[in-house]
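Peer 1: A single structure is presented below for examination.
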Amino acid sequence: MSSSTAPRALILCADDYALHPAVDAAVEQLTLAGRLSATSCMTTSPRWIEAAPRLQALRPRLSVGLHFNLTESHGGAAPAQALATVIRQAYTGAWSVDAMRSMWTQQLDAFETALGTPPDFIDGHQHVHQLPGFADAMLHVLQQRYTPAQMPWVRSTAPIGTLWRSPKATIIALLGGWQTTRRLRQAGIVINQGFGGVYGFDAPTPEGYGAQMAQWLAQVHNGSLLMCHPATAEVAGDAIGAQRPVEFAYLMSDAFGTLLQAQQCQIQQGPLMPLLKL
């Protein structure tokens with residue numbers, strides 16, 4: 001295959017591991033099917049200690065990261081606030097520096113206690129890792145905690161190509177995405193090469209979700225990251241619980257494999273650092 005037709009290697013990341021058994025099962029099945037690159041883990045979940053051991057058999061084929069969480073209470077088991085409240089408090093400086101650093105430390109400690117290694121990467125539930133104050137705290141804690149060889153890469157939410165034309169993608173980028181991407185580069189932290197997967201969780205069928213996927217794949221290049229939120233069954237009580245099995249059905253489908261081939265894309269598994277840049 002010539003370089004002009006070489007497939008573009010993308011990172012497909014399933015968020016919310018440990019949220020629910022159906023999410024964990026989807027991550028496992030998609031990984032084994034070659035349809036997933038990474039998953040980000042909610043160490044605030046009361047299920048985390050139970051769910052974490054299943055990841056060991058999937059590594060290093062699957063990259064495993066920390067899904068920093070401030071907004072999911074896990075049914076009241078963890079302290080959390082509504083996203084709008086978290087955003088407002090971040091922009092008004094309501095949290096102390098020590099409090100924000102402590103939140104990062106606690107969730108990283110929980111990850112390492114369960115898996116015995118640093119996370120491969122960092123991102124945030126509802127992208128809270130990039131909010132003012134929390135991004136600074138993240139950089140401080142990572143730089144204090146890890147050597148250059150251990151340093152996780154961090155999710156950038158800067159949209160790929162023309163995906164900024166999506167209002168929701170633009171809002172995410174404006175709420176710290178573009179600014180944090182610049183900060184990470186300045187700090188020498190490795191990031192993904194553009195971001196996609198943003199939509200309104202409003203595709204009622206696998207075919208509808210596939211139409212979204214086709215738009216994202218048309219924009220990706222080597223090292224781009226698409227997020228997804230699959231589960232093998234509906235997750236009761238979750239705001240996007242009904243959409244999760246729709247995503248899973250499409251991602252496991254022959255139609256997705258055909259689309260990947262038609263778009264000359266491949267889902268990267270194994271070490272991801274070679275795809276990524278400062």
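Note on naming: chains are A, B, ... as they come in the structure tokens, residues start from 1 per chain, ligands start from 1 in the order shown.
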Sorted by chain and rising residue number, which residues of segment 17-71 of chain A lie within 12 Å of segment 131-151 of chain A, and what are their closest atom pairs and distances in Å to one decimal, counting only C-alpha atoms, as a Markdown table?
Peer 2:
```
| residue | atom | partner | partner_atom | distance |
| --- | --- | --- | --- | --- |
| A:Gly65 | CA | A:Met151 | CA | 11.7 |
| A:Leu66 | CA | A:Met138 | CA | 11.6 |
| A:Phe68 | CA | A:Met138 | CA | 9.8 |
| A:Asn69 | CA | A:Phe134 | CA | 11.1 |
| A:Leu70 | CA | A:Phe134 | CA | 10.4 |
```
Peer 1: For those residues, write N, CA and C atoms to a file as a PDB file, in the first residue's frame.
Peer 2:
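Result saved to part.pdb:
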```pdb
ATOM      1  N   GLY A  65      -7.152   5.071  30.797  1.00  0.00           N
ATOM      2  CA  GLY A  65      -6.906   6.386  31.358  1.00  0.00           C
ATOM      3  C   GLY A  65      -7.821   6.726  32.515  1.00  0.00           C
ATOM      4  N   LEU A  66      -7.557   7.880  33.116  1.00  0.00           N
ATOM      5  CA  LEU A  66      -8.385   8.421  34.201  1.00  0.00           C
ATOM      6  C   LEU A  66      -9.427   9.367  33.616  1.00  0.00           C
ATOM      7  N   PHE A  68     -11.438  12.002  34.890  1.00  0.00           N
ATOM      8  CA  PHE A  68     -11.574  12.880  36.056  1.00  0.00           C
ATOM      9  C   PHE A  68     -13.026  13.343  36.182  1.00  0.00           C
ATOM     10  N   ASN A  69     -13.579  13.183  37.368  1.00  0.00           N
ATOM     11  CA  ASN A  69     -15.025  13.371  37.549  1.00  0.00           C
ATOM     12  C   ASN A  69     -15.347  14.353  38.667  1.00  0.00           C
ATOM     13  N   LEU A  70     -16.230  15.290  38.346  1.00  0.00           N
ATOM     14  CA  LEU A  70     -16.783  16.211  39.346  1.00  0.00           C
ATOM     15  C   LEU A  70     -18.309  16.238  39.313  1.00  0.00           C
TER      16      LEU A  70
END
```
Peer 1: Residues of segment 84-164 of chain A that have any atom at most 10 Å from an atom of segment 33-45 of chain A: could you tabulate them with the shortest-distance atom pair and the distance in Å to one decimal, using only C-alpha atoms, ordered by chain and increasing number, as a Markdown table?
Peer 2:
```
| residue | atom | partner | partner_atom | distance |
| --- | --- | --- | --- | --- |
| A:Gln106 | CA | A:Thr43 | CA | 9.0 |
| A:Gln107 | CA | A:Thr43 | CA | 5.9 |
| A:Leu108 | CA | A:Thr43 | CA | 8.0 |
| A:Asp109 | CA | A:Thr43 | CA | 9.0 |
| A:Ala110 | CA | A:Thr43 | CA | 5.9 |
| A:Phe111 | CA | A:Thr43 | CA | 6.0 |
| A:Glu112 | CA | A:Thr43 | CA | 9.7 |
| A:Ala114 | CA | A:Thr43 | CA | 9.0 |
| A:Pro119 | CA | A:Ser40 | CA | 9.0 |
| A:Asp120 | CA | A:Ala38 | CA | 9.1 |
| A:Phe121 | CA | A:Ser40 | CA | 8.0 |
| A:Ile122 | CA | A:Ser40 | CA | 7.6 |
| A:Asp123 | CA | A:Ser40 | CA | 7.2 |
| A:Gly124 | CA | A:Ser40 | CA | 8.5 |
| A:His125 | CA | A:Met42 | CA | 8.2 |
```
Peer 1: Can you write just those residues out, C-alpha atoms, as a PDB file, in the first residue's frame?
Peer 2:
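What follows is the written file out_35.pdb:
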```pdb
ATOM      1  CA  GLN A 106      -7.419  11.324  45.147  1.00  0.00           C
ATOM      2  CA  GLN A 107      -8.622  10.116  41.768  1.00  0.00           C
ATOM      3  CA  LEU A 108      -5.110   9.327  40.534  1.00  0.00           C
ATOM      4  CA  ASP A 109      -4.404   7.451  43.786  1.00  0.00           C
ATOM      5  CA  ALA A 110      -7.536   5.355  43.266  1.00  0.00           C
ATOM      6  CA  PHE A 111      -6.462   4.528  39.702  1.00  0.00           C
ATOM      7  CA  GLU A 112      -2.970   3.461  40.710  1.00  0.00           C
ATOM      8  CA  ALA A 114      -6.401  -0.618  41.581  1.00  0.00           C
ATOM      9  CA  PRO A 119      -2.858   6.030  33.727  1.00  0.00           C
ATOM     10  CA  ASP A 120      -1.923   5.935  30.072  1.00  0.00           C
ATOM     11  CA  PHE A 121      -3.820   9.201  29.588  1.00  0.00           C
ATOM     12  CA  ILE A 122      -6.060  11.760  31.274  1.00  0.00           C
ATOM     13  CA  ASP A 123      -9.428  13.181  30.294  1.00  0.00           C
ATOM     14  CA  GLY A 124     -12.519  14.459  32.086  1.00  0.00           C
ATOM     15  CA  HIS A 125     -16.164  13.514  32.512  1.00  0.00           C
TER      16      HIS A 125
END
```
Peer 1: What lies within 6 Å of segment 236-251 of chain A using only C-alpha atoms, ignoring chain neighbours under 6 positions off, as a ChimeraX atom specification?
Peer 2: /A:205-206,229-230
Peer 1: Near segment 165-168 of chain A, within 8 Å and counting only C-alpha atoms, which residues show up once chain neighbours fewer than 3 positions away are dropped, as a PyMOL selection string?
Peer 2: chain A and resi 162+171-172+198-200
Peer 1: Which of segment 152-241 of chain A end up as alpha helix (DSSP H) when DSSP is run on this backbone - answer as a ChimeraX atom specification?
Peer 2: /A:167-172,178-186,206-217
Peer 1: So which one's closest to Gly197 of chain A, A:Ser63, A:Thr181, A:Gln268, A:Gln219? Using only C-alpha atoms, please.
Peer 2: A:Gln219
Peer 1: Residues near Ala173 of chain A, anyone? I mean within 12 Å using only C-alpha atoms, not counting same-chain ones fewer than 6 positions away, as a count of residues only.
Peer 2: 24
Peer 1: How would you write, as an MDAnalysis selection string, the set of residues in segment 114-151 of chain A that DSSP gives as strand (DSSP E or B)?
Peer 2: chainID A and resid 121:124
Peer 1: Using only C-alpha atoms, which of A:Leu58, A:Leu259, A:Met273, A:Ala231 sits nearest Trp216 of chain A?
Peer 2: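 Nearest candidate to Trp216 of chain A out of A:Leu58, A:Leu259, A:Met273, A:Ala231: A:Leu259.
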Peer 1: Using only C-alpha atoms, pick whichever of A:Arg8, A:Arg54, A:His129, A:Arg183 has the shortest atom-to-atom distance to Leu260 of chain A.
Peer 2: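 Using only C-alpha atoms, Leu260 of chain A sits closest to A:Arg8.
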Peer 1: Go through A:Asp15, A:Asp98, A:Asp254, A:Glu72 and flag the residue nearest Pro46 of chain A, using only C-alpha atoms for the distances.
Peer 2: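 Under the stated criterion, the closest residue is A:Glu72.
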Peer 1: Check the smallest atom-to-atom distance from each of A:Ala84, A:Ala255, A:Glu207, A:Trp153 to Leu275 of chain A using only C-alpha atoms, then report the winner.
Peer 2: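 Among the listed residues, A:Trp153 lies closest to Leu275 of chain A.
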